[in-house]
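Step one of this worksheet: look at the structure below.
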Amino acid sequence: MTPLETFQSRKIHFQSLVEHFQKQYNQWAVFRAFLFAITALVGYFCYELYDFAYTLLVLIIGIALFLFSVTKHLKVKYLRDKNKELIALNEDEIQRLSNQFNRTETGEAFVEDKHFYANDLDIFGNQSLYKLLNRTHTFGGAKMLADWILHPAQTNEILNRQKAIQELSAKIDWRQDLEASAMLIEEVAEPTDKLLAWNNAPANQTIKKSLFQIARYLPYLTIPVAIAWIVGFVPAYIVLVLFMAHGMILKQIFEEVSIALEQTNRIAGAMKAYAAVSELIVAENFQEEKLNDLKHKISEASPAIKALEDILNKLANRSNPFFAFVVGVPTLWDIQYFIKLENWKQAHRDNLPIWLAVIAEFEVLNSFSGYHFANPTFINPTIVTGGVTLKAKDLGHPMIKASKRIANDIELIGEGKTIIITGSNMSGKSTFQRTVAINVVLALAGGVVCAESFECSCLQVFTSMRSNDSLEEGTSSFYAELKRLKQLIDEVATTDTNKASILYFLDEILKGTNSKDRHEGARALMLQLHKTSASGFISTHDVELGDEFDEQDFVKNYSFSSEVVNDDLVFDYKLREGVCHSFNASQLMKRIGIEM
């Protein structure tokens, strides 16, 4: 079954489940309304025909059944909503296969100023690598995904990621279950930093007040006394006095508790989804060491987050006036669970950031695994150590549809080497450089690459491909390019032996100046870079530059070309060895009406 067929089949399956759970949801809604009416009616007749004790008993039973029905109703709602998310994510996967994206997140919030390659390679944006990969739904996951594709990993980490991604790729049921649960976090949660801000806030001093300590234990006296009154052992005025004491306590500390609990309302909706995600991780059996290490870090999270979810759900009942009066006042409900909430925070505040980071990393691994599953012909690159190595066969651009993708072979071995690419306009020079660069970025993030075979060392990609005027800074596109080249020169001049070698991609180098200065400048830069550990690609229309270095062992010439067939320009986008000596500018100018 192809990826498309798989996603379409799953979408149909989840649509049937949504219909099933919607029917159950409607049935529970009717049952809740019926239960409320019956409880009120029976309670009224008991009050009219018998004494208050029977009425209270009916109310207690009715409330218990009502709470049970609410729990079941919420469970069915969760399952319905989760299956809706599963439909949405399979629709999203279907769209991705044709490089169309339903999601709006572009990742541009994570752009780093003067980054080595993000702008030139469309790492972020509406049609970007980030959008192609992104299957994250928490802020932590989204940021970590950006970090992975902005910063190359070390060899061991890359290999561990590859193994983890390979294993998860086959677990489509588990992966989509994880993603659907995380999608519910995205729907209901404030950003992760809100949750961490609540977690890191100082301990609330209110719970140390003597009034709070009295309130904590007073219900243990009040409730037995109330039961004793119901069965006739205690006079009513004693119960009345105790309930008045409850009311006075609530009046004294209501404002303080309400302010504190209002902060928790922002995170309450997310905790059920966080608990579901952590449960999925802990329950799954993994083979790879990296996955099991992450699982171990979050092993304690599931019961702890479940406990927090339970506390927050219990606190949410306070918004129901009927519950607040019948249960909240006798038990001092708000205070009991406010204390539990503060105790939870003190017990787990150091672990919560770790748990959220693990969830984020599983989201990122799922993003790369989903990308791998959707592109079964893509391969895991071979990562080698030391120096500069780049070898690829049938290398294509992952953002170009397979039906239009043209693959090429390339090899660049050794430090201080340069590949010069010449060619006619629109022949594919820039696209080829982006193809090589973006596959290196994917490889060093741990992802699969669009090639039949691919081998590279740990490298630092650097690009200078788009140089734009800046009115704000008062710079021309030519000066912007010079500033970019200075950044490259400064970077390769550093002597840090722990840093990866630079792999540069310079497109239409020094295009903003005259032919003589362009030639001399490019020549000088190439000789300067040759003395460093950096290697890379330079595209140019300056064929003399290619001819001049054609006999040098540190330079290799490649080219793209076009031909005229029946007055039409034809491009095959195939890379060939040697300098290009056939150009098409005159033909292009004729086509727009310039008389040549």
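The chains in the structure tokens are called A, B, ... from first to last as shown; in each chain the residues are counted from 1, and the ligands are counted from 1 in the order shown.
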
Inset, instruction - Could you please write out, as number ranges by chain, every residue of range 59-164 of chain A that DSSP assigns to helix (DSSP H, G or I)? - result: A: 59-96, 108-110, 129-133, 139-150, 155-164

Got time to write the residues from that selection, C-alpha atoms, as a CSV table (one decimal), in the first residue's frame?
chain,number,residue,atom,x,y,z
A,59,LEU,CA,-29.6,14.5,46.3
A,60,ILE,CA,-26.5,12.6,47.3
A,61,ILE,CA,-27.3,9.6,45.1
A,62,GLY,CA,-28.3,12.0,42.3
A,63,ILE,CA,-25.1,13.9,42.5
A,64,ALA,CA,-23.0,10.8,42.5
A,65,LEU,CA,-24.8,9.5,39.4
A,66,PHE,CA,-24.5,12.9,37.8
A,67,LEU,CA,-20.7,13.0,38.4
A,68,PHE,CA,-20.4,9.5,37.0
A,69,SER,CA,-22.3,10.6,33.9
A,70,VAL,CA,-20.1,13.7,33.5
A,71,THR,CA,-17.0,11.6,33.6
A,72,LYS,CA,-18.3,9.2,31.0
A,73,HIS,CA,-19.6,12.1,28.9
A,74,LEU,CA,-16.1,13.8,28.9
A,75,LYS,CA,-14.4,10.5,28.1
A,76,VAL,CA,-16.6,10.1,25.0
A,77,LYS,CA,-16.0,13.7,24.0
A,78,TYR,CA,-12.3,13.2,24.3
A,79,LEU,CA,-12.4,10.1,22.1
A,80,ARG,CA,-14.6,11.9,19.5
A,81,ASP,CA,-12.3,14.9,19.4
A,82,LYS,CA,-9.2,12.8,19.2
A,83,ASN,CA,-10.6,10.9,16.2
A,84,LYS,CA,-11.4,14.2,14.6
A,85,GLU,CA,-7.8,15.2,15.0
A,86,LEU,CA,-6.8,11.8,13.4
A,87,ILE,CA,-8.9,12.7,10.4
A,88,ALA,CA,-7.3,16.1,10.2
A,89,LEU,CA,-3.7,14.9,10.4
A,90,ASN,CA,-4.3,12.3,7.7
A,91,GLU,CA,-5.8,15.0,5.5
A,92,ASP,CA,-2.7,17.0,6.3
A,93,GLU,CA,-0.5,14.0,5.3
A,94,ILE,CA,-2.3,13.7,2.0
A,95,GLN,CA,-1.8,17.4,1.2
A,96,ARG,CA,1.9,17.1,2.1
A,108,GLU,CA,9.5,32.1,11.0
A,109,ALA,CA,9.3,32.9,14.7
A,110,PHE,CA,12.4,30.8,15.1
A,129,LEU,CA,11.4,22.6,4.8
A,130,TYR,CA,9.9,23.4,8.2
A,131,LYS,CA,6.4,23.1,6.9
A,132,LEU,CA,7.2,19.9,5.1
A,133,LEU,CA,8.6,18.3,8.3
A,139,PHE,CA,5.7,25.1,21.5
A,140,GLY,CA,8.5,23.0,22.9
A,141,GLY,CA,8.3,20.6,19.9
A,142,ALA,CA,8.0,23.4,17.4
A,143,LYS,CA,11.1,25.1,18.7
A,144,MET,CA,13.1,21.9,19.0
A,145,LEU,CA,12.3,21.0,15.4
A,146,ALA,CA,13.6,24.4,14.3
A,147,ASP,CA,16.8,23.9,16.4
A,148,TRP,CA,17.4,20.5,14.7
A,149,ILE,CA,17.3,21.9,11.2
A,150,LEU,CA,19.2,25.1,12.1
A,155,THR,CA,28.0,12.2,14.4
A,156,ASN,CA,26.9,9.9,17.3
A,157,GLU,CA,23.7,11.9,17.8
A,158,ILE,CA,22.9,11.8,14.1
A,159,LEU,CA,23.3,8.0,14.1
A,160,ASN,CA,21.1,7.7,17.2
A,161,ARG,CA,18.4,9.9,15.6
A,162,GLN,CA,18.5,7.8,12.4
A,163,LYS,CA,17.9,4.6,14.3
A,164,ALA,CA,15.1,6.1,16.3

Inset, instruction - Tell me which protein, DNA and RNA residues are within 7 Å of Ser427 in chain A, counting only C-alpha atoms, leaving out same-chain ones fewer than 2 positions away, and put them as a list of chain:residue names. - result: A:Gly423, A:Ser424, A:Asn425, A:Lys429, A:Phe560, A:Ser561, A:Ser562, A:Phe571, A:Tyr573

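Counting only C-alpha atoms and comparing A:Lys290, A:His115, A:Lys340, A:His348, the residue that lies closest to Thr463 in chain A is A:His115.
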
Legend entry - strand (DSSP E) residues, from DSSP on the backbone, in range 250-438 of chain A, as a list in words: Thr382, Ile383, Val384, Thr389, Leu390, Lys391, Ala392, Lys393, Asp394, Leu395, Asn408, Asp409, Ile410, Glu411, Leu412, Ile413, Thr418, Ile419, Ile420, Ile421, Thr422 and Gly423 of chain A

Inset, instruction - Considering only C-alpha atoms, return as a ChimeraX atom specification whatever protein or nucleic-acid residues lie within 7 Å of range 434-436 of chain A, sequence-local ones (same chain, fewer than 2 positions apart) excluded. - result: /A:121,396-397,430-432,438-440

May I have the selected residues written with N, CA and C atoms, as a JSON list (two decimals), in the first residue's frame?
[["chain", "number", "residue", "atom", "x", "y", "z"],
["A", 121, "LEU", "N", 17.79, 28.79, 1.88],
["A", 121, "LEU", "CA", 17.32, 27.43, 1.61],
["A", 121, "LEU", "C", 15.83, 27.25, 1.90],
["A", 396, "GLY", "N", 18.10, 14.55, -5.47],
["A", 396, "GLY", "CA", 17.02, 15.43, -5.90],
["A", 396, "GLY", "C", 16.59, 16.36, -4.78],
["A", 397, "HIS", "N", 15.82, 17.37, -5.14],
["A", 397, "HIS", "CA", 15.32, 18.33, -4.14],
["A", 397, "HIS", "C", 14.02, 17.79, -3.54],
["A", 430, "SER", "N", 21.19, 27.40, -9.54],
["A", 430, "SER", "CA", 20.78, 27.74, -8.17],
["A", 430, "SER", "C", 20.01, 26.60, -7.53],
["A", 431, "THR", "N", 19.10, 25.99, -8.29],
["A", 431, "THR", "CA", 18.31, 24.88, -7.75],
["A", 431, "THR", "C", 19.21, 23.72, -7.35],
["A", 432, "PHE", "N", 20.25, 23.47, -8.15],
["A", 432, "PHE", "CA", 21.16, 22.37, -7.82],
["A", 432, "PHE", "C", 21.88, 22.65, -6.50],
["A", 438, "ILE", "N", 20.23, 21.53, 1.01],
["A", 438, "ILE", "CA", 19.10, 21.15, 1.87],
["A", 438, "ILE", "C", 19.16, 19.67, 2.25],
["A", 439, "ASN", "N", 19.73, 18.85, 1.37],
["A", 439, "ASN", "CA", 19.91, 17.44, 1.72],
["A", 439, "ASN", "C", 21.00, 17.26, 2.77],
["A", 440, "VAL", "N", 22.03, 18.09, 2.72],
["A", 440, "VAL", "CA", 23.04, 18.05, 3.78],
["A", 440, "VAL", "C", 22.41, 18.46, 5.11]]

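Counting from CA of Lys401 in chain A, the distance to CA of His13 in chain A is 27.8 Å.
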
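For the choices A:Phe45, A:Phe34, A:Tyr504, A:Trp198, the atom-to-atom distance to Leu488 in chain A is smallest for A:Tyr504 when using only C-alpha atoms.
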
Inset, instruction - Grab the CA of Val441 in chain A to CA of Val461 in chain A distance for me, in Å with one decimal place. - result: 7.4 Å

Legend entry - Residue among A:Ala275, A:Ile420, A:Leu184, A:Ala407 lying closest to Lys574 in chain A, counting only C-alpha atoms: A:Ala407

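For Pro381 in chain A, the set of protein, DNA and RNA residues having any atom at most 9 Å away, when counting only C-alpha atoms and skipping those fewer than 6 positions along the same chain, is Gln162, Ala443, Leu444, Gly446, Gly447, Val448, Val449, Ala451, Ser453, Phe454, Glu455 and Cys456 of chain A.
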
Inset, instruction - Can you work out the spacing between CA of Ile383 in chain A and CA of Ser501 in chain A in Å, to one decimal? - result: 14.1 Å

Inset, instruction - Might you pull out every residue within 12 Å of range 240-245 of chain A, with only C-alpha atoms counted and same-chain residues fewer than 2 positions away left off, and present them as number ranges by chain? - result: A: 211, 214-215, 218-226, 229, 234-238, 247-252, 325-332

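Using only C-alpha atoms, the residues found no farther than 8 Å from Gly536 in chain A, other than those of its own chain fewer than 6 positions away, are A:Leu412, A:Lys417, A:Thr418, A:Ile419, A:Ile502, A:Leu503, A:Tyr504, A:Phe505.
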
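By chain and then residue number, the residues within 12 Å of Asp293 in chain A are Asn160, Ala164, Ile281, Val282, Asn285, Phe286, Gln287, Glu288, Ile298, Ser299, Val358, Glu361 and Phe362 of chain A, counting only C-alpha atoms and disregarding those fewer than 5 positions away in sequence.
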
Inset, instruction - Would you mind telling me which residue in A:Ile406, A:Ala283, A:Ile421, A:Ala445 lies nearest to Ile165 in chain A when using only C-alpha atoms? - result: A:Ala445
